Each structure stands twice: as structure tokens, then as C-alpha cells.
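*Asks:* Below you'll find the structure I mean.
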Protein chains: 2
Amino acid sequence: MLGLGLIGGSLLRALVAAGRTAWGYNRSPETVRDAEAAGFDATADLAAALRRAAEQDALIVIAVPTPIVGQVAAAIAAHAPGCALTDVVSVKQPVRDAVAEHGLLPRFVGGHPMAGTAESGWAAGYAELFTGAVWVVTVDEGADPQVWTQVATMAVDAGAQVVPAESAEHDAAVARISHLPHLLAEALASVGAGSQLALALAAGSFRDGTRVAATAPELVRAMCEGNSTALLGALDEALELLTNARASLAAQNDLTELTDNGHAARRNYEQARRSEIRNLEPGIPGWREQLRDAGRAGGVWCEVTA
Amino acid sequence: MLGLGLIGGSLLRALVAAGRTAWGYNRSPETVRDAEAAGFDATADLAAALRRAAEQDALIVIAVPTPIVGQVAAAIAAHAPGCALTDVVSVKQPVRDAVAEHGLLPRFVGGHPMAGTAESGWAAGYAELFTGAVWVVTVDEGADPQVWTQVATMAVDAGAQVVPAESAEHDAAVARISHLPHLLAEALASVGAGSQLALALAAGSFRDGTRVAATAPELVRAMCEGNSTALLGALDEALELLTNARASLAAQNDLTELTDNGHAARRNYEQARRSEIRNLEPGIPGWREQLRDAGRAGGVWCEVTA
């Protein structure tokens, strides 16, 4: 486990709790001491942690912030280039690019556990963070079926539900349902604060619509700015819908199109159901495409059933 | 009580439960029968209900949809022009205009109980609908202090907290904190539905941000189209914030301004506290301005304290 912050630290705890052998690296000696004091196997020596991974043919998990992924990938290329490799960083394409740059792509399958809190750091972590959460495991062209199964099995061991998805499609999807909601919440909060009386009258629709604006701005920026290309597309779609609605409200006092479509879309979301992906062993002909189709349709991967 | 739908029907129940004498009119004989069967005093004869109000110098409450307010005001002008008059319709300026057209403004003070459910009609009503809810009682130039006190006392008897506000300022405020959130939720739901994978991955931020898109589109349209002028202003503010953020994201990959301001605004909202308005008897010099200031500052009117 390379990085013992909220996600990496929680995953180390979850995997040990599931009976797996796992050890961690963190560059801060204080964090390493805290992890050791809690009974975990941790070190501040990255090269040593990686040499041990190479010896034991371990699955390496990159759990550091996006800007540091490149440095960590360089160390992996130097000390453990043959190990299976994944990550737990939210935006997938930049991680994939950094890993490719160091020649590690053949043994890499990306991941994104959709879990978190407003807190960060080792102390904020806990083994149950991933229980019932969605964990995206990427299925890009060239993905190794054995590595894919290793990564998905780890996520299942951590308590998560695995949704297979292509990296670029994942990034576009989270722009729509995670990053865009943050931008709209920030804008709504600001418009509400434009009137003292408005804040005095604010009730349910404003409270819910601005909830995620309570997230620390630096976390929102890290997510959104790290996925700017996809986010610009989603934001443009929202701006077009709102601009058209504005024109229709001004000219015909009519909001039928926006409200009918929005209501149908919300119903669609409410009625979506998850199902288990069965009889689809990574490695069979067409497995990547089938996994991606299954993920889009609400399927979750549970285990090798063949 | 003129109109026995969700709001009028709940208010009739609440006032009778508070020990007050109250009777209702509804144009549908079925609704009148249902109200009578539940033990309430109701009639389908509008003129008779109004003549009785004139005889007993009752406070008349307009509780019909906005498009019918003019007709009802005409009947009041014919049969009970001297009675104190209020309403429970959401957008205040159009009601005020309709009432003024029939010469009833001197005895009129508007109201807006900020309570409701997705349901409608007599059967959906209940006496506790207003318990703890904010009830805006309007304070416009020329408002009669005795009528104001009568209306506010009725709202308090129904269990609500009275926030005083000018009609136009109320309409502008609810555009910001109630009608704009609906438009953003509709747009967000539609953008989410633009990707199957997005709906499969949607979690907390999307669920909360689209919650009110589950409201029946005709109810959303009635609110928003009935307050179009104020809503266009609020929507333009949101569009400007989002368009500026889009430009900054595209050019500098920077969302600092939107996220810092949005976060501060949400904190501002979370930290707002209600206080009791004390020692402010309607009719004292400057009472209207003082009540409006107190409402903006989060004050609620509880009773005459002088």
C-alpha cells in the first residue's frame, strides 16, 4: 500500500481484517509510527517496501495524491517492475498516463473506490470505509485478465461492489454525477447568500441542493480540476439546458421541457437496480467489452463464477 | 377559508384544533362532503360563506390556486369588502395585484406558509402541517397594523414561526432558495441520465442534488412560472457564476473563486440562527421597516409583547 492516508490507510486495515497479508509505505515517519502503533506493518522506506513486493510478487496499490503518482511510478519501475499494479485515485486517465510513461501499463488495472469522508489522513481511516461502496475497476484495451481479477478480488475483500468501466468513460461519468453536482451546489449557495432574507427562508430544497458545498474547497478543486476535460463537457451540457430554459421562461413563461426531462431522468435514476455479473470470467473472448457493458447496465462483479 | 386543498384544508384543521371558530368554502361538493364528514363546517356556496364572514367580522383566507385568486377577490369585494384578508399562495406580488384590482388592499396582508408535501387536495391535509414551519407575513407600505397582527396570530395559532417580509423581497428570496434549486436539480438529473454508467455510479452528491427533481413537473412549473421575473434574475446570477467558472477552468484549470465563495456561503447558511422579535408592536412608528429588518436578520414574530 503506497500511501497511508484516508483511502490507503483504510484499505490496509480492511485487507488485514479480511485475513490478507499487507504492508504499507508512507513518506511521513509520524504516519508510519501511528500505523505501527495500531499494529500494522509500515515503513517510510519506499525502495524497501517495493523490493519486498517484488520478492513476494505482491499486488501494489498506488494510494497517493494525483500529483505524486509519477514519482511513485518511477520508483515502482526501478524496484518492482513485474508486480501487478492498481491505484485508488479518483480520476483515472491521468494515473493511466503516468503509469504508461514508466512502462508499467501491461501489469496495471486502475481502481476508484467511491467512498470517502470530508476528513483525511491515517487517523481518519477505518476498515469499514468501503463496505457496500461502489469500487470501479477499469477495463481498458490491453488489460491483463489475471491482474484484473486480482484487483477486483481485493476490492471485494475490502467489502466493496465492483463496477467494471473503461477509464475515459469512468472520468466522463464521475464528471456528470460527482463533479458537476459540486459546481452547481457552489453556485446555488452563492446565489442564496445574495439575499439575507433568502437565507432566513431557506428550507429543504436549498439545504439539499447546497450540501456538498460544505466540502473543503481544496478537495473540490482537486477532484474537479483533475478531471477538467470531462467536467467541461458535463458543465456545458448543464449550461445549455439552463440557458434554453431561461430563454423559454423569458419568452413563453414555459418550463415544460426542463421539468419534464428532469423528472423523467430522476425517476430513471431511482428505478435503477444493481445485479450480479455472472458467468463472465476475465480472459474469455470479448471479456473486456462484456464487462464494460455489464457495468453500464448496473452490474456488479462478485467473484469468478466459471 | 376559501379553498380546502392541501394548505387551506390543513389550516382549517389546525385552527379548529387551536380552539378557533373557522369554516370553509370549496367549489367541489365532494370536498365539502369530505370536510363535513370529518366534522368541519364547510359549504360550496361562496356568497353564503362570505356573507357569514361579513356578519362575524371574520379574517378571510384566500387558499385557491393563483389563477383563481381574481375571481375569489371579486366575490369578496361583492359580499365582504370590510373583512380583514390574507392568503396562503406561494408567490406574493400577483396575489397583491389581484386583491388591489378589486379595491381590497387596505384590509389585506399576504401570507406564505413554507410547508407542503408532494400531495394535494383535502385528503392530503393534516392539522400539524405547519408545526415549526416558517410562515412569511408580508409587510408592504400601507399595511394595516391590526390586520397584520390578526394574520400573524393566526399563523402562530397554526403552529408556525412568522417571518415578516415585503412582498417583492419575498418573491425574490424564494426564487433564490426554492425555485432556482428546482431548476438546477432538473438540469443535473438530465445531465446524469446522459450516461448509463453515470447513473450506475451515482451516489450522495447526485442523489441530494437531484432530490427535488422528483417533484411533479406541473407543481414545479406552477411555482417557477408564477415567479418568472424574480426567477430570471436568480437564474442569471447562477448562469454568470457557472459561466465564469467554466472560463476559468478552461483557461487556467482553476476553480478557486467558485469553490471559495460557495463554501463560505454554505457556512454562512449553516451558522444562521433564528431569534425572537421582541418589543415590536405593529403600529408603533417605523414598525413596518423594523419588522422587515428583523425578518432579514432571522427574526421570528411570536406575539405582541408590549
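Residue numbers start at 1 in each chain; chains themselves are named A, B, ... in the order of the C-alpha cells; ligands are numbered from 1 in the order shown.
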I'd like the neighbourhood of segment 214-230 of chain A as JSON, numbers by chain, where a residue qualifies if any of its atoms comes within 7 Å (using only C-alpha atoms), though same-chain residues fewer than 4 positions away should be ignored.

*Replies:* {"A": [91, 118, 171, 172, 175, 179, 234], "B": [249, 253, 254, 255, 259, 260, 263, 266, 267]}

*Asks:* Which neighbours of Ala265 of chain A fall inside 8 Å, counting only C-alpha atoms, when residues of the same chain fewer than 5 positions from it are skipped, and could you give them as a ChimeraX atom specification?

*Replies:* /B:189-190,192-193

*Asks:* Write a file of the just-selected residues containing C-alpha atoms, as a short mmCIF file (atom, residue, chain, number, x, y, z; two decimals), in the first residue's frame.

*Replies:*
data_model
loop_
_atom_site.label_atom_id
_atom_site.label_comp_id
_atom_site.auth_asym_id
_atom_site.auth_seq_id
_atom_site.Cartn_x
_atom_site.Cartn_y
_atom_site.Cartn_z
CA ALA B 189 -30.79 14.95 -13.33
CA SER B 190 -30.85 15.28 -17.12
CA GLY B 192 -26.66 12.45 -15.19
CA ALA B 193 -29.09 10.49 -17.34
#

*Asks:* Pull the strand (DSSP E or B) assignments for segment 59-260 of chain B out of DSSP run on the backbone, and list those residues as a PDB file with N, CA and C atoms, in the first residue's frame.

*Replies:*
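Output (selection_12.pdb):
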ATOM      1  N   ILE B  60     -60.633  36.606   6.485  1.00  0.00           N
ATOM      2  CA  ILE B  60     -60.802  35.738   5.303  1.00  0.00           C
ATOM      3  C   ILE B  60     -59.432  35.287   4.799  1.00  0.00           C
ATOM      4  N   VAL B  61     -59.307  33.984   4.500  1.00  0.00           N
ATOM      5  CA  VAL B  61     -58.051  33.430   3.983  1.00  0.00           C
ATOM      6  C   VAL B  61     -58.278  32.920   2.566  1.00  0.00           C
ATOM      7  N   ILE B  62     -57.561  33.487   1.600  1.00  0.00           N
ATOM      8  CA  ILE B  62     -57.628  33.002   0.219  1.00  0.00           C
ATOM      9  C   ILE B  62     -56.663  31.831   0.083  1.00  0.00           C
ATOM     10  N   LEU B  85     -58.187  40.445   5.424  1.00  0.00           N
ATOM     11  CA  LEU B  85     -57.982  39.489   4.329  1.00  0.00           C
ATOM     12  C   LEU B  85     -56.517  39.065   4.246  1.00  0.00           C
ATOM     13  N   THR B  86     -56.300  37.774   4.057  1.00  0.00           N
ATOM     14  CA  THR B  86     -54.936  37.282   3.814  1.00  0.00           C
ATOM     15  C   THR B  86     -54.994  36.172   2.776  1.00  0.00           C
ATOM     16  N   ASP B  87     -53.856  35.569   2.464  1.00  0.00           N
ATOM     17  CA  ASP B  87     -53.805  34.456   1.516  1.00  0.00           C
ATOM     18  C   ASP B  87     -52.692  33.511   1.929  1.00  0.00           C
ATOM     19  N   PHE B 108     -55.746  44.103   3.450  1.00  0.00           N
ATOM     20  CA  PHE B 108     -55.045  42.883   3.027  1.00  0.00           C
ATOM     21  C   PHE B 108     -53.616  42.836   3.558  1.00  0.00           C
ATOM     22  N   GLY B 111     -49.712  36.239   2.991  1.00  0.00           N
ATOM     23  CA  GLY B 111     -49.001  35.230   3.782  1.00  0.00           C
ATOM     24  C   GLY B 111     -48.506  34.094   2.912  1.00  0.00           C
ATOM     25  N   HIS B 112     -47.449  33.400   3.351  1.00  0.00           N
ATOM     26  CA  HIS B 112     -46.928  32.233   2.641  1.00  0.00           C
ATOM     27  C   HIS B 112     -46.361  31.235   3.646  1.00  0.00           C
ATOM     28  N   PRO B 113     -47.179  30.230   3.971  1.00  0.00           N
ATOM     29  CA  PRO B 113     -46.650  29.160   4.831  1.00  0.00           C
ATOM     30  C   PRO B 113     -45.694  28.298   4.029  1.00  0.00           C
ATOM     31  N   VAL B 134     -41.811  27.905   8.684  1.00  0.00           N
ATOM     32  CA  VAL B 134     -41.765  29.362   8.524  1.00  0.00           C
ATOM     33  C   VAL B 134     -43.020  29.815   7.773  1.00  0.00           C
ATOM     34  N   TRP B 135     -43.643  30.886   8.272  1.00  0.00           N
ATOM     35  CA  TRP B 135     -44.825  31.472   7.612  1.00  0.00           C
ATOM     36  C   TRP B 135     -44.497  32.940   7.369  1.00  0.00           C
ATOM     37  N   VAL B 136     -44.281  33.284   6.112  1.00  0.00           N
ATOM     38  CA  VAL B 136     -44.000  34.683   5.794  1.00  0.00           C
ATOM     39  C   VAL B 136     -45.299  35.475   5.867  1.00  0.00           C
ATOM     40  N   VAL B 137     -45.297  36.582   6.627  1.00  0.00           N
ATOM     41  CA  VAL B 137     -46.435  37.505   6.648  1.00  0.00           C
ATOM     42  C   VAL B 137     -45.920  38.824   6.080  1.00  0.00           C
ATOM     43  N   THR B 138     -46.561  39.312   5.015  1.00  0.00           N
ATOM     44  CA  THR B 138     -45.996  40.441   4.273  1.00  0.00           C
ATOM     45  C   THR B 138     -46.176  41.772   5.007  1.00  0.00           C
ATOM     46  N   GLN B 161     -43.807  29.672  12.625  1.00  0.00           N
ATOM     47  CA  GLN B 161     -42.934  30.770  13.023  1.00  0.00           C
ATOM     48  C   GLN B 161     -43.075  31.864  11.980  1.00  0.00           C
ATOM     49  N   VAL B 162     -43.449  33.060  12.404  1.00  0.00           N
ATOM     50  CA  VAL B 162     -43.745  34.135  11.457  1.00  0.00           C
ATOM     51  C   VAL B 162     -42.488  34.929  11.120  1.00  0.00           C
ATOM     52  N   VAL B 163     -42.165  34.984   9.810  1.00  0.00           N
ATOM     53  CA  VAL B 163     -41.074  35.834   9.337  1.00  0.00           C
ATOM     54  C   VAL B 163     -41.696  36.986   8.541  1.00  0.00           C
ATOM     55  N   PRO B 164     -41.513  38.250   8.990  1.00  0.00           N
ATOM     56  CA  PRO B 164     -42.075  39.393   8.267  1.00  0.00           C
ATOM     57  C   PRO B 164     -41.205  39.728   7.056  1.00  0.00           C
ATOM     58  N   ALA B 165     -41.839  40.063   5.924  1.00  0.00           N
ATOM     59  CA  ALA B 165     -41.074  40.415   4.715  1.00  0.00           C
ATOM     60  C   ALA B 165     -41.949  41.190   3.751  1.00  0.00           C
TER      61      ALA B 165
END

*Asks:* Looking at B:Ala168, B:Ala74, B:Ala245, B:Leu232, which one is nearest to Gly110 of chain B, with distances taken over only C-alpha atoms?

*Replies:*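 With only C-alpha atoms as the atom set, the closest residue is B:Ala168.
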
*Asks:* Enumerate the residues of segment 32-247 of chain A with a DSSP assignment of helix (DSSP H, G or I), computed from the backbone, and present them as JSON, numbers by chain.

*Replies:* {"A": [32, 33, 34, 35, 36, 37, 46, 47, 48, 49, 50, 51, 52, 53, 54, 55, 56, 66, 67, 68, 69, 70, 71, 72, 73, 74, 75, 76, 77, 78, 79, 92, 93, 94, 95, 96, 97, 98, 99, 100, 101, 105, 106, 107, 122, 123, 124, 127, 128, 129, 130, 145, 146, 147, 148, 149, 150, 151, 152, 153, 154, 155, 156, 157, 167, 168, 169, 170, 171, 172, 173, 174, 175, 176, 177, 178, 179, 180, 181, 182, 183, 184, 185, 186, 187, 188, 189, 190, 191, 192, 196, 197, 198, 199, 200, 201, 204, 205, 206, 207, 208, 209, 211, 212, 213, 214, 217, 218, 219, 220, 221, 222, 223, 224, 225, 228, 229, 230, 231, 232, 233, 234, 235, 236, 237, 238, 239, 240, 241, 242, 243, 244, 245, 246, 247]}

*Asks:* Just to confirm, what's the straight-line distance from atom CA of Pro285 of chain A to atom CA of Val139 of chain A in Å (one decimal)?

*Replies:*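 So the two atoms, atom CA of Pro285 of chain A and atom CA of Val139 of chain A, lie 13.9 Å apart.
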
*Asks:* List the neighbours of Gly70 of chain A out to 9 Å using only C-alpha atoms; skip same-chain residues closer than 4 positions along the sequence, and give me the result as a list in words.

*Replies:*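 Near neighbours after the sequence-gap exclusion: Thr66, Ala74, Ala75, Val95, Ala98, Val99, Glu101 and His102 of chain A.
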
*Asks:* Would you mind exporting the chosen residues as a PDB file, in the first residue's frame, restricted to C-alpha atoms?

*Replies:*
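Once written, out.pdb looks like this:
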ATOM      1  CA  THR A  66      -2.509  12.561  -8.250  1.00  0.00           C
ATOM      2  CA  ALA A  74       9.227   5.825 -11.274  1.00  0.00           C
ATOM      3  CA  ALA A  75      10.162   4.025  -8.043  1.00  0.00           C
ATOM      4  CA  VAL A  95      -2.996   7.876 -13.485  1.00  0.00           C
ATOM      5  CA  ALA A  98       1.674   8.371 -15.593  1.00  0.00           C
ATOM      6  CA  VAL A  99       1.880   4.596 -15.266  1.00  0.00           C
ATOM      7  CA  GLU A 101       5.101   6.742 -19.064  1.00  0.00           C
ATOM      8  CA  HIS A 102       7.114   4.415 -16.805  1.00  0.00           C
TER       9      HIS A 102
END

*Asks:* For chain B, which residue out of A:Val174, A:Ala77, A:Ala143, A:Cys302 is the nearest one, using only C-alpha atoms?

*Replies:*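 Result for the nearest residue to chain B: A:Val174.
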
*Asks:* So which one's closest to chain B, A:Leu50, A:Val32, A:Val109, A:Leu231? Using only C-alpha atoms, please.

*Replies:*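 Among the listed residues, A:Leu231 lies closest to chain B.
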
*Asks:* Enter the distance from atom CA of Met114 of chain B to atom CA of Asn244 of chain A, in Å, rounded to one decimal.

*Replies:*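 Rounded to one decimal, the two atoms are 28.9 Å apart.
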
*Asks:* Leaving out Ser120 of chain A and any residue of its chain fewer than 2 positions from it, which residues lie within 10 Å of it when counting only C-alpha atoms, given as JSON, numbers by chain?

*Replies:* {"A": [5, 6, 7, 9, 116, 117, 118, 122, 123, 124, 125, 219]}
